[in-house]
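Asker: What follows is target.txt; its format and atoms are compact mmCIF, C-alpha atoms and all ligand atoms.
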```txt
# COMPACT_ATOMS: atom_id res chain seq x y z
CA MET A 1 -6.85 -7.08 1.97
CA LYS A 2 -6.42 -6.06 -1.69
CA TYR A 3 -5.15 -2.49 -1.91
CA GLN A 4 -5.29 -0.03 -4.78
CA ASN A 5 -3.15 3.00 -5.45
CA ASN A 6 -5.83 5.55 -6.17
CA LEU A 7 -7.72 8.26 -4.33
CA SER A 8 -11.18 6.77 -4.69
CA PHE A 9 -10.02 3.51 -3.11
CA ALA A 10 -8.51 5.44 -0.18
CA ARG A 11 -11.67 7.50 0.27
CA LEU A 12 -13.85 4.41 0.17
CA GLN A 13 -11.78 2.85 2.97
CA ASP A 14 -12.20 6.01 5.02
CA LYS A 15 -15.93 5.95 4.43
CA LYS A 16 -16.12 2.36 5.66
CA ASP A 17 -13.82 3.00 8.64
CA PRO A 18 -15.74 2.44 11.90
CA LEU A 19 -13.33 4.86 13.63
CA LYS A 20 -13.68 7.65 11.07
CA LYS A 21 -15.37 10.10 13.43
CA PHE A 22 -12.31 10.18 15.70
CA ARG A 23 -10.19 12.22 13.29
CA ALA A 24 -12.37 15.25 13.94
CA LYS A 25 -11.62 15.02 17.65
CA PHE A 26 -7.99 16.08 17.07
CA LEU A 27 -6.24 19.33 16.20
CA PHE A 28 -3.95 19.05 13.19
CA PRO A 29 -1.09 21.46 12.52
CA LYS A 30 -1.70 23.31 9.24
CA HIS A 31 0.33 23.61 6.08
CA LYS A 32 -0.86 26.26 3.62
CA GLY A 33 -4.22 26.25 5.32
CA LYS A 34 -4.70 22.47 5.14
CA ASP A 35 -4.17 19.70 7.70
CA VAL A 36 -0.65 18.30 7.50
CA ILE A 37 -0.12 14.60 6.89
CA TYR A 38 0.88 13.85 10.45
CA PHE A 39 2.87 10.62 10.76
CA THR A 40 4.68 11.40 14.01
CA GLY A 41 2.14 10.23 16.57
CA ASN A 42 4.94 7.90 17.72
CA SER A 43 6.85 10.97 18.87
CA LEU A 44 4.14 13.37 20.00
CA GLY A 45 0.50 12.44 19.59
CA LEU A 46 -1.90 15.16 18.43
CA GLN A 47 -3.92 17.25 20.84
CA PRO A 48 -7.53 16.21 21.36
CA ARG A 49 -9.93 19.11 20.86
CA SER A 50 -11.36 18.29 24.28
CA THR A 51 -8.07 18.75 26.17
CA SER A 52 -8.46 22.46 26.81
CA LYS A 53 -11.90 21.86 28.35
CA TYR A 54 -10.46 19.24 30.71
CA ILE A 55 -7.67 21.59 31.76
CA GLN A 56 -10.10 24.48 32.17
CA GLN A 57 -12.20 22.36 34.53
CA GLU A 58 -9.22 22.00 36.88
CA LEU A 59 -8.30 25.69 36.62
CA ASN A 60 -11.89 26.59 37.48
CA ASP A 61 -11.95 24.25 40.45
CA TRP A 62 -8.62 25.58 41.68
CA ALA A 63 -9.98 29.16 41.42
CA LYS A 64 -13.25 28.20 43.10
CA TYR A 65 -12.03 25.93 45.88
CA GLY A 66 -8.32 26.59 46.47
CA VAL A 67 -6.94 23.79 48.63
CA GLU A 68 -10.44 22.38 49.14
CA GLY A 69 -10.26 21.19 45.54
CA HIS A 70 -8.35 18.14 46.83
CA PHE A 71 -11.73 16.89 48.02
CA HIS A 72 -14.37 19.13 46.43
CA ALA A 73 -13.22 19.51 42.82
CA LYS A 74 -15.39 17.78 40.24
CA HIS A 75 -12.64 15.16 40.05
CA PRO A 76 -11.09 15.46 43.52
CA TRP A 77 -7.31 15.87 43.22
CA PHE A 78 -6.64 13.60 46.19
CA SER A 79 -7.80 10.62 44.14
CA TYR A 80 -7.46 11.94 40.58
CA HIS A 81 -5.01 9.20 39.53
CA GLU A 82 -7.51 6.52 40.56
CA ILE A 83 -9.72 7.55 37.64
CA PHE A 84 -7.24 5.90 35.31
CA SER A 85 -6.86 2.46 36.77
CA LYS A 86 -9.73 0.94 34.81
CA SER A 87 -9.19 2.60 31.42
CA VAL A 88 -5.43 2.34 31.45
CA SER A 89 -5.50 -1.29 32.58
CA LYS A 90 -7.48 -2.02 29.41
CA ILE A 91 -4.85 -0.32 27.26
CA VAL A 92 -1.97 -2.37 28.69
CA GLY A 93 -3.82 -5.60 29.51
CA ALA A 94 -3.59 -5.46 33.29
CA LYS A 95 -5.80 -5.58 36.34
CA PRO A 96 -6.82 -2.12 37.56
CA SER A 97 -4.76 -2.61 40.73
CA GLU A 98 -1.63 -3.22 38.63
CA VAL A 99 -1.36 0.20 37.00
CA VAL A 100 -0.57 3.62 38.38
CA MET A 101 -0.04 6.97 36.70
CA MET A 102 2.90 8.84 38.21
CA ASN A 103 6.08 10.78 37.43
CA GLN A 104 7.55 10.36 33.97
CA LEU A 105 9.00 7.50 32.05
CA THR A 106 12.70 7.63 32.84
CA SER A 107 12.13 8.46 36.50
CA ASN A 108 9.67 5.57 36.76
CA LEU A 109 12.24 3.20 35.32
CA HIS A 110 14.72 4.19 38.02
CA PHE A 111 12.12 3.76 40.76
CA LEU A 112 11.10 0.37 39.39
CA PHE A 113 14.71 -0.73 39.13
CA VAL A 114 15.02 -0.09 42.87
CA SER A 115 12.58 -2.96 43.30
CA PHE A 116 13.35 -5.17 40.34
CA TYR A 117 17.07 -4.86 39.70
CA ARG A 118 18.52 -6.45 42.82
CA PRO A 119 21.92 -7.70 41.74
CA THR A 120 23.76 -10.24 43.87
CA LYS A 121 27.27 -11.66 43.61
CA GLU A 122 25.91 -14.49 41.47
CA ARG A 123 23.20 -12.66 39.53
CA TYR A 124 23.93 -9.15 38.40
CA LYS A 125 23.68 -8.97 34.61
CA ILE A 126 21.04 -7.11 32.60
CA LEU A 127 20.06 -8.24 29.14
CA CYS A 128 18.68 -5.61 26.74
CA GLU A 129 18.36 -4.86 23.04
CA ALA A 130 21.28 -3.12 21.34
CA LYS A 131 20.61 0.51 20.41
CA ALA A 132 17.85 0.89 22.95
CA PHE A 133 16.44 4.41 23.27
CA PRO A 134 19.25 6.56 24.74
CA SER A 135 17.43 7.36 27.99
CA ASP A 136 16.99 3.62 28.62
CA GLN A 137 20.67 3.03 27.95
CA TYR A 138 21.55 5.71 30.53
CA VAL A 139 19.19 4.10 33.04
CA LEU A 140 20.90 0.74 32.60
CA GLU A 141 24.42 2.15 32.66
CA SER A 142 23.84 4.25 35.77
CA GLN A 143 21.94 1.53 37.63
CA VAL A 144 24.65 -1.03 36.97
CA LYS A 145 27.34 1.42 38.12
CA PHE A 146 25.27 2.43 41.16
CA HIS A 147 25.34 -1.17 42.34
CA GLY A 148 29.11 -1.38 41.79
CA TYR A 149 29.07 -3.39 38.56
CA HIS A 150 30.50 -2.68 35.13
CA PRO A 151 28.31 -1.61 32.19
CA ASP A 152 30.73 -2.95 29.56
CA ASP A 153 30.70 -6.46 30.97
CA ASP A 154 27.44 -6.68 32.82
CA ILE A 155 24.99 -5.24 30.30
CA ILE A 156 24.45 -7.77 27.54
CA GLU A 157 23.13 -6.24 24.36
CA ILE A 158 21.45 -8.31 21.69
CA SER A 159 22.01 -7.01 18.17
CA PRO A 160 20.60 -7.89 14.79
CA ARG A 161 22.84 -10.34 12.94
CA GLU A 162 25.32 -9.00 10.40
CA GLY A 163 23.44 -7.55 7.43
CA GLU A 164 20.03 -7.69 9.18
CA HIS A 165 17.94 -4.88 10.62
CA ASN A 166 15.98 -6.69 13.29
CA ILE A 167 16.77 -8.81 16.29
CA ARG A 168 15.90 -12.46 15.88
CA HIS A 169 13.66 -13.79 18.58
CA GLU A 170 15.66 -17.02 18.79
CA ASP A 171 18.78 -14.93 19.53
CA ILE A 172 17.06 -13.31 22.50
CA LEU A 173 16.05 -16.70 23.88
CA SER A 174 19.47 -18.26 23.34
CA THR A 175 21.24 -15.29 24.96
CA ILE A 176 18.97 -15.59 27.99
CA GLU A 177 19.80 -19.29 28.14
CA LYS A 178 23.53 -18.67 27.77
CA ASN A 179 23.58 -16.18 30.65
CA LYS A 180 21.02 -17.86 32.84
CA ASN A 181 23.25 -18.22 35.87
CA GLU A 182 24.24 -14.56 36.04
CA LEU A 183 21.12 -12.89 34.77
CA ALA A 184 19.30 -10.54 37.19
CA LEU A 185 17.03 -8.72 34.76
CA VAL A 186 15.79 -8.76 31.19
CA PHE A 187 14.77 -5.28 30.14
CA ILE A 188 13.63 -4.57 26.58
CA GLY A 189 11.56 -1.98 24.72
CA GLY A 190 8.31 -3.79 23.82
CA VAL A 191 8.38 -2.02 20.46
CA ASN A 192 11.78 -0.81 19.28
CA TYR A 193 11.57 2.95 18.76
CA TYR A 194 13.86 2.92 15.72
CA SER A 195 12.89 -0.11 13.68
CA GLY A 196 9.31 -0.48 14.93
CA GLN A 197 9.96 -4.17 15.69
CA VAL A 198 7.53 -5.69 18.20
CA PHE A 199 9.09 -8.24 20.54
CA ASP A 200 7.35 -11.38 21.68
CA MET A 201 6.95 -10.25 25.27
CA LYS A 202 5.21 -13.38 26.44
CA SER A 203 7.90 -15.84 25.48
CA ILE A 204 10.70 -13.48 26.53
CA THR A 205 9.02 -13.29 29.93
CA ASP A 206 8.73 -17.08 30.16
CA ALA A 207 12.36 -17.58 29.15
CA ALA A 208 13.63 -14.97 31.61
CA HIS A 209 11.58 -16.41 34.45
CA ASN A 210 12.84 -19.91 33.66
CA ALA A 211 16.34 -18.50 33.91
CA GLY A 212 15.50 -17.03 37.33
CA ALA A 213 15.56 -13.38 36.21
CA MET A 214 13.06 -10.54 36.52
CA VAL A 215 11.51 -9.03 33.39
CA GLY A 216 10.55 -5.44 32.61
CA PHE A 217 9.48 -3.67 29.42
CA ASP A 218 9.66 -0.09 28.28
CA LEU A 219 6.33 0.43 26.54
CA ALA A 220 6.87 3.99 25.28
CA HIS A 221 6.18 2.83 21.71
CA ALA A 222 3.77 0.08 22.64
CA ALA A 223 1.14 1.63 24.92
CA GLY A 224 -1.82 2.66 22.78
CA ASN A 225 -0.17 1.17 19.67
CA ILE A 226 -0.34 -2.63 20.01
CA LYS A 227 -2.34 -5.08 22.06
CA LEU A 228 -0.69 -5.82 25.36
CA ASN A 229 -1.48 -8.44 27.93
CA LEU A 230 0.95 -7.66 30.74
CA HIS A 231 -0.93 -9.49 33.46
CA ASP A 232 -1.39 -12.76 31.59
CA TRP A 233 2.12 -12.66 30.19
CA ASN A 234 3.28 -12.49 33.79
CA VAL A 235 5.56 -9.51 33.20
CA ASP A 236 7.10 -8.23 36.44
CA PHE A 237 7.01 -4.52 35.67
CA ALA A 238 6.64 -2.03 32.83
CA ALA A 239 6.60 1.72 32.29
CA TRP A 240 5.50 4.03 29.50
CA CYS A 241 5.01 7.65 28.62
CA THR A 242 1.67 9.09 27.52
CA TYR A 243 2.66 11.77 25.02
CA LYS A 244 3.30 9.43 22.07
CA TYR A 245 0.40 7.21 21.00
CA LEU A 246 -1.58 8.24 24.07
CA ASN A 247 -1.92 11.90 23.03
CA SER A 248 -1.60 13.34 26.53
CA GLY A 249 0.64 16.31 25.73
CA PRO A 250 4.37 17.06 25.73
CA GLY A 251 6.15 15.65 28.80
CA SER A 252 2.87 14.46 30.29
CA ILE A 253 2.37 12.01 33.13
CA GLY A 254 4.00 8.55 33.01
CA GLY A 255 2.46 5.15 33.66
CA ALA A 256 3.70 2.05 35.45
CA PHE A 257 2.64 -1.57 35.74
CA ILE A 258 3.62 -3.83 38.63
CA HIS A 259 2.29 -7.37 38.56
CA GLU A 260 -0.04 -8.13 41.45
CA ARG A 261 2.13 -10.94 42.74
CA HIS A 262 4.61 -8.27 43.85
CA HIS A 263 2.11 -6.03 45.61
CA THR A 264 2.39 -7.51 49.06
CA THR A 265 5.95 -8.79 48.99
CA ASP A 266 8.75 -7.07 50.82
CA LEU A 267 10.55 -5.90 47.69
CA PRO A 268 12.51 -2.78 48.54
CA ARG A 269 11.12 0.45 47.11
CA PHE A 270 11.60 4.17 47.49
CA ALA A 271 8.48 5.45 49.17
CA GLY A 272 6.46 8.65 49.30
CA TRP A 273 3.20 9.68 50.89
CA TRP A 274 1.07 8.95 47.80
CA GLY A 275 2.01 5.28 48.18
CA HIS A 276 0.93 5.24 51.82
CA ASP A 277 -2.32 3.82 53.16
CA LYS A 278 -5.06 6.33 52.32
CA SER A 279 -6.96 6.18 55.57
CA SER A 280 -3.93 7.29 57.59
CA ARG A 281 -2.15 9.43 55.00
CA PHE A 282 -3.02 12.72 56.63
CA LYS A 283 -2.19 11.59 60.15
CA MET A 284 1.36 12.46 59.13
CA GLU A 285 2.82 9.71 61.29
CA LYS A 286 6.04 7.73 61.09
CA GLY A 287 6.09 4.31 59.46
CA PHE A 288 5.32 3.75 55.75
CA LYS A 289 2.25 1.56 55.20
CA PRO A 290 2.18 0.65 51.50
CA ILE A 291 -1.13 0.43 49.65
CA PRO A 292 -1.36 -3.21 48.50
CA SER A 293 -1.41 -2.30 44.78
CA ALA A 294 0.76 -0.62 42.16
CA GLU A 295 -0.08 2.64 43.93
CA ALA A 296 2.45 1.73 46.62
CA TRP A 297 5.14 2.84 44.13
CA ALA A 298 3.62 6.33 43.81
CA LEU A 299 5.48 9.07 45.62
CA SER A 300 3.97 12.48 45.15
CA ASN A 301 0.59 14.08 44.89
CA VAL A 302 -0.15 14.21 41.21
CA PRO A 303 0.30 17.02 38.62
CA ILE A 304 -3.36 17.73 37.97
CA ILE A 305 -2.93 19.64 34.71
CA SER A 306 -1.02 16.71 33.13
CA MET A 307 -3.59 14.34 34.57
CA ALA A 308 -6.38 16.36 32.96
CA CYS A 309 -4.63 16.12 29.58
CA HIS A 310 -4.30 12.39 30.09
CA LYS A 311 -7.96 12.03 31.01
CA ALA A 312 -9.06 13.82 27.83
CA ALA A 313 -7.03 11.30 25.80
CA VAL A 314 -7.94 8.20 27.77
CA ASP A 315 -11.64 8.98 27.47
CA ILE A 316 -11.16 8.86 23.69
CA PHE A 317 -9.36 5.51 23.94
CA ASP A 318 -12.19 4.18 26.08
CA GLU A 319 -14.64 5.14 23.39
CA ALA A 320 -12.60 3.73 20.49
CA GLY A 321 -11.28 0.57 22.20
CA MET A 322 -7.93 -1.12 21.53
CA ASN A 323 -9.51 -3.89 19.45
CA ALA A 324 -10.96 -1.53 16.87
CA LEU A 325 -7.78 0.54 16.91
CA THR A 326 -5.45 -2.36 16.22
CA THR A 327 -7.76 -3.76 13.54
CA LYS A 328 -7.67 -0.44 11.69
CA SER A 329 -3.98 -0.02 12.39
CA GLU A 330 -3.12 -3.25 10.57
CA LYS A 331 -5.08 -2.17 7.49
CA LEU A 332 -3.75 1.36 7.50
CA THR A 333 -0.10 0.45 7.93
CA GLY A 334 -0.58 -2.35 5.42
CA TYR A 335 -1.78 0.32 3.00
CA LEU A 336 1.32 2.42 3.67
CA GLU A 337 3.49 -0.62 2.98
CA PHE A 338 1.61 -1.20 -0.29
CA ILE A 339 2.02 2.43 -1.37
CA ILE A 340 5.77 2.30 -0.67
CA GLN A 341 6.05 -0.87 -2.75
CA GLU A 342 4.17 0.86 -5.57
CA ILE A 343 6.62 3.77 -5.45
CA ASN A 344 9.55 1.36 -5.56
CA SER A 345 8.13 -0.45 -8.56
CA GLN A 346 7.89 2.87 -10.44
CA ASN A 347 11.43 3.99 -9.58
CA LYS A 348 14.70 2.50 -10.66
CA ASN A 349 17.08 5.06 -9.21
CA TYR A 350 15.90 5.14 -5.62
CA LYS A 351 14.70 2.52 -3.25
CA LEU A 352 12.72 2.96 -0.07
CA GLU A 353 13.64 -0.13 1.92
CA ILE A 354 11.23 -1.01 4.71
CA ILE A 355 13.26 -2.28 7.66
CA THR A 356 10.29 -2.86 9.98
CA PRO A 357 9.44 -6.56 10.23
CA ASN A 358 5.94 -8.05 10.05
CA GLU A 359 5.88 -8.07 13.84
CA ARG A 360 4.95 -4.43 14.09
CA GLY A 361 2.48 -1.84 15.30
CA CYS A 362 1.61 1.14 13.15
CA GLN A 363 5.15 2.39 12.53
CA LEU A 364 7.14 1.72 9.39
CA SER A 365 10.81 2.70 9.26
CA ILE A 366 12.41 2.99 5.84
CA ILE A 367 15.92 3.51 4.60
CA ALA A 368 15.84 6.02 1.78
CA HIS A 369 18.66 4.58 -0.33
CA GLY A 370 20.38 7.15 -2.49
CA LEU A 371 18.46 10.00 -0.89
CA GLY A 372 19.66 12.59 1.57
CA LYS A 373 18.07 14.92 4.07
CA SER A 374 16.92 17.17 1.19
CA PHE A 375 14.38 14.48 0.32
CA HIS A 376 12.92 14.68 3.82
CA GLU A 377 12.90 18.48 3.55
CA LYS A 378 10.87 18.26 0.37
CA LEU A 379 8.31 16.14 2.18
CA ILE A 380 8.06 18.81 4.89
CA GLN A 381 7.66 21.53 2.26
CA HIS A 382 4.67 19.63 0.94
CA GLY A 383 2.97 19.20 4.27
CA VAL A 384 4.21 15.81 5.48
CA ILE A 385 5.46 15.50 9.04
CA ALA A 386 7.54 12.34 9.37
CA ASP A 387 10.67 11.73 11.38
CA TRP A 388 14.17 11.72 9.87
CA ARG A 389 17.06 9.93 11.60
CA GLU A 390 20.60 10.23 10.33
CA PRO A 391 21.96 8.96 8.03
CA ASN A 392 18.82 8.22 6.00
CA VAL A 393 16.04 6.55 7.99
CA ILE A 394 12.49 7.87 7.89
CA ARG A 395 10.01 6.74 10.53
CA MET A 396 6.31 7.03 9.75
CA ALA A 397 3.51 6.12 12.09
CA PRO A 398 -0.03 6.44 10.74
CA ALA A 399 -2.02 6.48 13.98
CA PRO A 400 -5.37 4.71 13.63
CA LEU A 401 -7.13 7.21 15.89
CA TYR A 402 -6.68 10.16 13.56
CA ASN A 403 -4.88 9.18 10.38
CA SER A 404 -6.82 8.21 7.27
CA PHE A 405 -6.30 6.10 4.17
CA GLU A 406 -6.39 9.34 2.24
CA ASP A 407 -3.42 10.57 4.30
CA VAL A 408 -1.49 7.50 3.19
CA TYR A 409 -2.50 7.88 -0.46
CA ARG A 410 -1.53 11.58 -0.45
CA PHE A 411 1.75 10.74 1.22
CA GLY A 412 2.49 8.44 -1.72
CA GLU A 413 1.68 11.24 -4.19
CA ILE A 414 4.02 13.64 -2.41
CA VAL A 415 6.84 11.11 -2.23
CA THR A 416 6.47 10.35 -5.94
CA MET A 417 6.65 14.03 -6.74
CA ALA A 418 9.63 14.60 -4.45
CA LEU A 419 11.49 11.77 -6.17
CA ARG A 420 10.75 13.25 -9.62
CA MET A 421 12.20 16.56 -8.48
CA LYS A 422 15.49 14.91 -7.55
C1 LIG B 501 10.16 8.34 24.27
C2 LIG B 501 10.98 7.39 25.02
C3 LIG B 501 11.59 7.75 26.23
C4 LIG B 501 11.49 9.16 26.77
O1 LIG B 501 11.67 9.21 28.15
P1 LIG B 501 11.06 10.39 29.05
O2 LIG B 501 11.50 10.05 30.40
O3 LIG B 501 9.58 10.39 28.84
O4 LIG B 501 11.65 11.69 28.54
C5 LIG B 501 12.31 6.79 26.91
N1 LIG B 501 12.43 5.53 26.43
C6 LIG B 501 11.87 5.15 25.25
C7 LIG B 501 12.02 3.76 24.75
C8 LIG B 501 11.14 6.08 24.51
O5 LIG B 501 10.60 5.71 23.35
```
Show me the file's structure as structure tokens.
Ligand SMILES: *Cc1c(COP(=O)(O)O)cnc(C)c1O
Answerer:
Amino acid sequence: MKYQNNLSFARLQDKKDPLKKFRAKFLFPKHKGKDVIYFTGNSLGLQPRSTSKYIQQELNDWAKYGVEGHFHAKHPWFSYHEIFSKSVSKIVGAKPSEVVMMNQLTSNLHFLFVSFYRPTKERYKILCEAKAFPSDQYVLESQVKFHGYHPDDDIIEISPREGEHNIRHEDILSTIEKNKNELALVFIGGVNYYSGQVFDMKSITDAAHNAGAMVGFDLAHAAGNIKLNLHDWNVDFAAWCTYKYLNSGPGSIGGAFIHERHHTTDLPRFAGWWGHDKSSRFKMEKGFKPIPSAEAWALSNVPIISMACHKAAVDIFDEAGMNALTTKSEKLTGYLEFIIQEINSQNKNYKLEIITPNERGCQLSIIAHGLGKSFHEKLIQHGVIADWREPNVIRMAPAPLYNSFEDVYRFGEIVTMALRMK
């Protein structure tokens, strides 16, 4: 696509955008009475206008029915999580029986590790990306210690090569190969939260399986952002949160994927009554009978208010569809890349270096060379919400559901002005 750095071009793209009506479905924070330029949907997605109605429905049913709401609410609470299996399976590329909404991301990782990190004397190592999201690092460290192994030796981190910002795919494959006799698990963030790099999950899965290891992905930055095909890729397990690209509200419900080939095996798992056979759940008898699906990993009856927030968001995803979203996302982020290059070509003193590779979703991470936090503060003062990471990285994620080409153009104007004020 041939881009232009002017407002009429941006507006024309918005006019032609098949997803343009979705922007109005979201509530934007305001700056001086106008919508902010919100580029932090990778951190907390915006609130759909419909969310309060979905929550109100549950509050009404709770008031009207009390405990009977488990069966008589408009969306009975007993089975509320089942509503998601179809829509969410489309978002992550799974069969409906392979996904379940439960708990939150970090807790789900621990529960999934109970089943999928089964170290033995021969195989005990975990391979992951260096500088994984801190919570994931703590999961790995504590799991390895829990099983009596040693994080420093038994967690293998793959880093970018000297002077590079991204991890080379060939280095992941060769490290798997090198450790193939001791490897128990490969566990990587499908999209790196910092650089925005998307990993080739299919060939990582193949390589790990050939080495005899299990494979799991943290999809916090992938779910709702890029196309996923977890079932066909043969991934063993995955987990994600729903408050980033999936717009389901701060700390909302988590999601998990467990490949169907594991549903009826005797993998160990920590069990709870929401994973137990539905027909005998309320007999309250001894003896856990797992549901033969991802639901077997569920423990508790579900937090209905979070679920209602998630339903409001997922209904919007159903309407938009991941294909249309990723098509727009490529154009929109491509436009942001173009605008940043334009700014660089007009500036000799400062350089905004894009460190995100071409394998990416909607996020671009830049190093603002020669610029400090005051630069980021100027952006905030002019109504841009982007994410600053010390020492000088800015992460921007134009979300195709609600961001526009005009947002990107205006962002460029504000950056240009902020650089002039330096
Ligand atoms: C956002 C994020 C988390 C957050 O974990 P919670 O349990 O939801 O607080 C964990 N891991 C990654 C990779 C993330 O991006």
Asker: Within 10 Å of segment 403-414 of chain A, counting all atoms listed in the file, which residues show up once you throw out same-chain ones fewer than 5 positions away? Write them as JSON, numbers by chain, please.
Answerer: {"A": [4, 5, 6, 7, 8, 9, 10, 11, 12, 13, 14, 15, 17, 19, 20, 22, 23, 35, 36, 37, 38, 39, 41, 328, 329, 331, 332, 333, 335, 336, 337, 338, 339, 340, 342, 343, 378, 379, 380, 381, 382, 383, 384, 385, 397, 398, 419, 420]}
Asker: Go through A:Pro391, A:Gly370, A:Gly93, A:Gly189 and flag the residue nearest ligand LIG 501 (chain B), using all atoms listed in the file for the distances.
Answerer: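 Selected residue with least distance to ligand LIG 501 (chain B): A:Gly189.
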Asker: Can you write out as a tab-separated table which residues of chain A fall within 6 Å of ligand LIG 501 (chain B), alongside each residue's closest atom pair and its distance in Å to one decimal, counting only C-alpha atoms and all ligand atoms and ordering rows by chain and ascending residue number?
Answerer:
```
residue	atom	partner	partner_atom	distance
A:Gln104	CA	B:LIG501	O2	5.3
A:Leu105	CA	B:LIG501	O2	3.9
A:Thr106	CA	B:LIG501	O2	3.6
A:Phe133	CA	B:LIG501	C7	4.7
A:Ser135	CA	B:LIG501	C5	5.3
A:Asp136	CA	B:LIG501	N1	5.4
A:Gly189	CA	B:LIG501	C7	5.8
A:Tyr193	CA	B:LIG501	O5	5.4
A:Asp218	CA	B:LIG501	C7	5.7
A:Ala220	CA	B:LIG501	O5	4.5
A:His221	CA	B:LIG501	O5	5.5
A:Cys241	CA	B:LIG501	O3	5.3
```
Asker: Taking all atoms listed in the file into account, name the residue in A:Gly190, A:Gly275, A:Gly196, A:Gly251 that is nearest to Ala239 of chain A.
Answerer: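 The answer is A:Gly190, which sits nearest to Ala239 of chain A.
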Asker: Could you name the residues that touch Asn234 of chain A at 10 Å or less, counting all atoms listed in the file, but leaving out those on the same chain fewer than 3 positions away, as number ranges by chain?
Answerer: A: 94, 201-202, 205-206, 209, 215, 229-231, 237, 258-261
Asker: How many Å separate atom CA of Glu330 of chain A from atom CA of Glu353 of chain A?
Answerer: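 Atom CA of Glu330 of chain A sits 19.1 Å away from atom CA of Glu353 of chain A.
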Asker: When you draw a straight line from atom CA of Tyr402 of chain A to atom CA of Asp315 of chain A, how long is it in Å?
Answerer: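 These atoms are spaced 14.8 Å apart.
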Asker: Compile the contact shell of Leu401 of chain A as a PyMOL selection string: residues with an atom at most 12 Å away, counting all atoms listed in the file, same-chain residues fewer than 5 positions apart removed.
Answerer: chain A and resi 17-26+38-39+41+45-48+224-225+245-247+313-314+316-329+332+362
Asker: When you look at segment 75-88 of chain A with a cut-off of 9 Å (counting only C-alpha atoms), what residues show up, excluding the ones that are within fewer than 2 positions of it in the same chain? I need them as a PyMOL selection string.
Answerer: chain A and resi 58+68-73+90-102+255+301-304+307-308+310-311+314-315+317-318
Asker: Could you check the closest approach to Glu141 of chain A for each of A:His262, A:His276, A:His110, A:Arg123 and tell me which residue wins, using only C-alpha atoms?
Answerer: A:His110
Asker: Rounded to one decimal, what separation in Å do you get between atom CA of Ile366 of chain A and atom CA of Tyr350 of chain A?
Answerer: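 Atom CA of Tyr350 of chain A lies at a distance of 12.2 Å from atom CA of Ile366 of chain A.
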Asker: Under the rule of at most 7 Å, produce a per-residue listing of segment 185-244 of chain A near segment 173-179 of chain A: chain, number, name, the closest pair of atoms, and the distance in Å, as a tab-separated table, using all atoms listed in the file.
Answerer:
```
residue	atom	partner	partner_atom	distance
A:Ile204	CA	A:Leu173	CA	6.8
A:Ala207	CA	A:Leu173	CA	6.5
A:Ala208	CA	A:Ile176	CA	6.5
A:Ala211	CA	A:Glu177	CA	6.8
```
Asker: Point out the residue among A:Ser159, A:Leu27, A:Thr264, A:Gln197 with the least atom-to-atom distance to Asn358 of chain A, counting only C-alpha atoms.
Answerer: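 Closest to Asn358 of chain A of all the choices is A:Gln197.
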Asker: From the set A:Ile305, A:Lys286, A:Gly334, A:Arg49, which residue has the shortest atom-to-atom contact distance to Met1 of chain A, counting all atoms listed in the file?
Answerer: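 Using all atoms listed in the file, Met1 of chain A sits closest to A:Gly334.
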Asker: Determine the axis-aligned bounding box of all atoms of segment 7-24 of chain A present in the file, pad each side by 3 Å, and express its centre and edge lengths in Å to one decimal place as lines of an AutoDock Vina configuration file.
Answerer:
```
center_x = -11.9
center_y = 8.8
center_z = 5.5
size_x = 14.4
size_y = 18.9
size_z = 26.4
```
Asker: Smallest atom-to-atom distance to Ala399 of chain A: which of A:Ser374, A:Gln363, A:Ser52, A:Asn349, using all atoms listed in the file?
Answerer: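 That would be A:Gln363, the residue with the smallest distance to Ala399 of chain A.
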Asker: Name the residues in contact with segment 146-153 of chain A at a cut-off of 10 Å, using only C-alpha atoms, excluding same-chain residues fewer than 5 positions from it; report them as JSON, numbers by chain.
Answerer: {"A": [117, 118, 119, 120, 121, 124, 125, 126, 137, 140, 141]}
